[in-house]
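S.K.: Just passing along the structure, written as structure tokens.
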Amino acid sequence: MKNKNLLVVSAHAGDFIWRAGGTIAKYVKEGANVTLIILSFGARGESNDLWNIEGQTLENVKAVRRAEIEAAAKHLGVTNYEIWDYEDYHMEITPERTLQLLQKIREVRPDIILSHGPKDAFNPDHETVSRFVFETSVLATSNGVRDVDLPCIKQAKLFGFEPHQSEISDFKPDVIVDITDTYEQKLAAMNCFKAQKHLIDYYAAKAALRGNHARRCSGKNQYKYAEAFYRFFPLVGEELI
């Protein structure tokens, strides 16, 4: 992982923590260059608890979510992150936003891009962002795409988060990553998100479940917690691994 470039694109404030916090912390810990893009605060669709407060405003919801993001990123060791403040529910992708992400991909030159998988029941924003990231990652490889003044890149490995409703979304893990050594960092980061505190126990249980699968598939009993991902492209190499 040392010196690898990892780009993470999260639709809403908490997505990167719930679905990939342990993996992100692992890459940081091992010396990777991690860049995090958070497309929206999730103020309209993923801050329901905050809107139960009388007199609540959009500006205050965003301020709370920003503080949560900052605290969570600190727990993971992520220092390079941006919040693009798109409107969520429903998120729209414009040509200008495609150029914005194209610019960022060519700046970062990622070896790996981590974002949302193609199917996520009950959350069309996640599916929109999945397509957005996939399409823009392909544009970034074409020398003929001259919309930004940066050289093209080789195709990054592209992975999708496990969706919240795994079975309903027809999700089957293509990759399971052991996060035992960084699980406590993930747990601390999850506890920063009071706007979605009902998800903390859910994703703690999910990490333990995927840890069970990691042990069973690998035979490595030291794996206690894990995260699962969708692979967009086939694994390529010189042998079956």
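Ordered as shown in the structure tokens, chains take letters A, B, and onward, while each chain numbers its residues from 1 and ligands are numbered from 1 in the order shown.
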Kindly assemble as CSV a list of the stretch 17-103 of chain A residues that lie within 9 Å of stretch 159-172 of chain A, each paired with its nearest atom pair and their distance in Å to one decimal, using only C-alpha atoms, sorted first by chain and then by ascending residue number.
M.R.:
```
residue,atom,partner,partner_atom,distance
A:Trp18,CA,A:His164,CA,8.8
A:Arg19,CA,A:Phe161,CA,5.7
A:Ala20,CA,A:Phe161,CA,6.8
```
S.K.: Set out as CSV a contact list for stretch 45-141 of chain A and stretch 176-192 of chain A with a cut-off of 12 Å, giving each residue of stretch 45-141 of chain A that qualifies its closest atom pair and distance in Å to one decimal, counting only C-alpha atoms, ordered by chain and rising residue number.
M.R.:
```
residue,atom,partner,partner_atom,distance
A:Val64,CA,A:Cys192,CA,10.4
A:Arg65,CA,A:Cys192,CA,9.6
A:Arg66,CA,A:Cys192,CA,10.8
A:Ala67,CA,A:Cys192,CA,8.6
A:Glu68,CA,A:Cys192,CA,5.4
A:Ile69,CA,A:Cys192,CA,7.9
A:Glu70,CA,A:Cys192,CA,9.1
A:Ala71,CA,A:Cys192,CA,6.4
A:Ala72,CA,A:Ala189,CA,4.2
A:Ala73,CA,A:Ala189,CA,7.2
A:Lys74,CA,A:Ala189,CA,8.1
A:His75,CA,A:Ala189,CA,5.6
A:Leu76,CA,A:Gln185,CA,5.9
A:Gly77,CA,A:Gln185,CA,8.9
A:Val78,CA,A:Ala189,CA,11.2
```
S.K.: Just write the chosen residues, N, CA, C and O atoms, as an mmCIF file, in the first residue's frame.
M.R.:
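Listed below is the output, part29.cif:
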```cif
data_model
loop_
_atom_site.group_PDB
_atom_site.id
_atom_site.type_symbol
_atom_site.label_atom_id
_atom_site.label_comp_id
_atom_site.auth_asym_id
_atom_site.auth_seq_id
_atom_site.Cartn_x
_atom_site.Cartn_y
_atom_site.Cartn_z
ATOM 1 N N VAL A 64 -23.251 21.085 11.270
ATOM 2 C CA VAL A 64 -23.117 19.889 12.106
ATOM 3 C C VAL A 64 -22.440 18.772 11.322
ATOM 4 O O VAL A 64 -21.531 18.101 11.811
ATOM 5 N N ARG A 65 -22.880 18.571 10.081
ATOM 6 C CA ARG A 65 -22.318 17.500 9.268
ATOM 7 C C ARG A 65 -20.841 17.761 8.937
ATOM 8 O O ARG A 65 -20.040 16.834 8.885
ATOM 9 N N ARG A 66 -20.494 19.023 8.723
ATOM 10 C CA ARG A 66 -19.090 19.346 8.475
ATOM 11 C C ARG A 66 -18.229 18.980 9.689
ATOM 12 O O ARG A 66 -17.146 18.399 9.554
ATOM 13 N N ALA A 67 -18.716 19.314 10.877
ATOM 14 C CA ALA A 67 -17.975 18.983 12.097
ATOM 15 C C ALA A 67 -17.825 17.477 12.251
ATOM 16 O O ALA A 67 -16.764 16.976 12.674
ATOM 17 N N GLU A 68 -18.878 16.727 11.900
ATOM 18 C CA GLU A 68 -18.805 15.275 11.965
ATOM 19 C C GLU A 68 -17.764 14.728 10.993
ATOM 20 O O GLU A 68 -16.979 13.827 11.328
ATOM 21 N N ILE A 69 -17.769 15.236 9.775
ATOM 22 C CA ILE A 69 -16.793 14.812 8.773
ATOM 23 C C ILE A 69 -15.376 15.077 9.248
ATOM 24 O O ILE A 69 -14.487 14.212 9.151
ATOM 25 N N GLU A 70 -15.141 16.271 9.758
ATOM 26 C CA GLU A 70 -13.797 16.644 10.199
ATOM 27 C C GLU A 70 -13.314 15.746 11.328
ATOM 28 O O GLU A 70 -12.158 15.290 11.328
ATOM 29 N N ALA A 71 -14.186 15.473 12.282
ATOM 30 C CA ALA A 71 -13.802 14.617 13.410
ATOM 31 C C ALA A 71 -13.552 13.187 12.950
ATOM 32 O O ALA A 71 -12.581 12.540 13.372
ATOM 33 N N ALA A 72 -14.420 12.678 12.073
ATOM 34 C CA ALA A 72 -14.269 11.308 11.592
ATOM 35 C C ALA A 72 -12.999 11.143 10.762
ATOM 36 O O ALA A 72 -12.267 10.157 10.918
ATOM 37 N N ALA A 73 -12.744 12.097 9.890
ATOM 38 C CA ALA A 73 -11.533 12.032 9.063
ATOM 39 C C ALA A 73 -10.278 12.023 9.930
ATOM 40 O O ALA A 73 -9.308 11.306 9.629
ATOM 41 N N LYS A 74 -10.309 12.772 11.004
ATOM 42 C CA LYS A 74 -9.160 12.794 11.923
ATOM 43 C C LYS A 74 -8.920 11.424 12.534
ATOM 44 O O LYS A 74 -7.772 10.977 12.659
ATOM 45 N N HIS A 75 -9.976 10.728 12.911
ATOM 46 C CA HIS A 75 -9.826 9.386 13.480
ATOM 47 C C HIS A 75 -9.207 8.415 12.474
ATOM 48 O O HIS A 75 -8.456 7.515 12.855
ATOM 49 N N LEU A 76 -9.530 8.598 11.203
ATOM 50 C CA LEU A 76 -8.990 7.707 10.170
ATOM 51 C C LEU A 76 -7.593 8.114 9.722
ATOM 52 O O LEU A 76 -6.937 7.355 9.006
ATOM 53 N N GLY A 77 -7.164 9.302 10.115
ATOM 54 C CA GLY A 77 -5.864 9.801 9.680
ATOM 55 C C GLY A 77 -5.891 10.475 8.324
ATOM 56 O O GLY A 77 -4.838 10.746 7.736
ATOM 57 N N VAL A 78 -7.077 10.769 7.812
ATOM 58 C CA VAL A 78 -7.214 11.406 6.501
ATOM 59 C C VAL A 78 -7.111 12.922 6.664
ATOM 60 O O VAL A 78 -7.907 13.533 7.389
#
```
S.K.: May I ask for the distance between atom CA of A:Ala228 and atom CA of A:Asn5, given in Å to one decimal place?
M.R.: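 Answer for the atom CA of A:Ala228 to atom CA of A:Asn5 separation: 19.8 Å.
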S.K.: For a test of reading the model, state the distance in Å between atom CA of A:Leu99 and atom CA of A:Ala11, rounded to one decimal.
M.R.: 16.8 Å
S.K.: Can you work out which one of A:Gln155, A:Ser115, A:His213, A:Ala205 has the shortest atom-to-atom distance to A:Ser130, counting only C-alpha atoms?
M.R.: A:Ser115
S.K.: Run DSSP on the backbone of this structure and report the residues of stretch 92-180 of chain A it assigns to strand (DSSP E), as a list of chain:residue names.
M.R.: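 DSSP on the backbone gives strand (DSSP E) at A:Ile112, A:Ile113, A:Leu114, A:Ser115, A:His116, A:Lys157, A:Leu158, A:Phe159, A:Gly160, A:Phe161, A:Val175, A:Ile176, A:Val177, A:Asp178.
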S.K.: Pick out each residue of stretch 26-176 of chain A that DSSP on the backbone tags as alpha helix (DSSP H); I need them as a count of residues only.
M.R.: 53
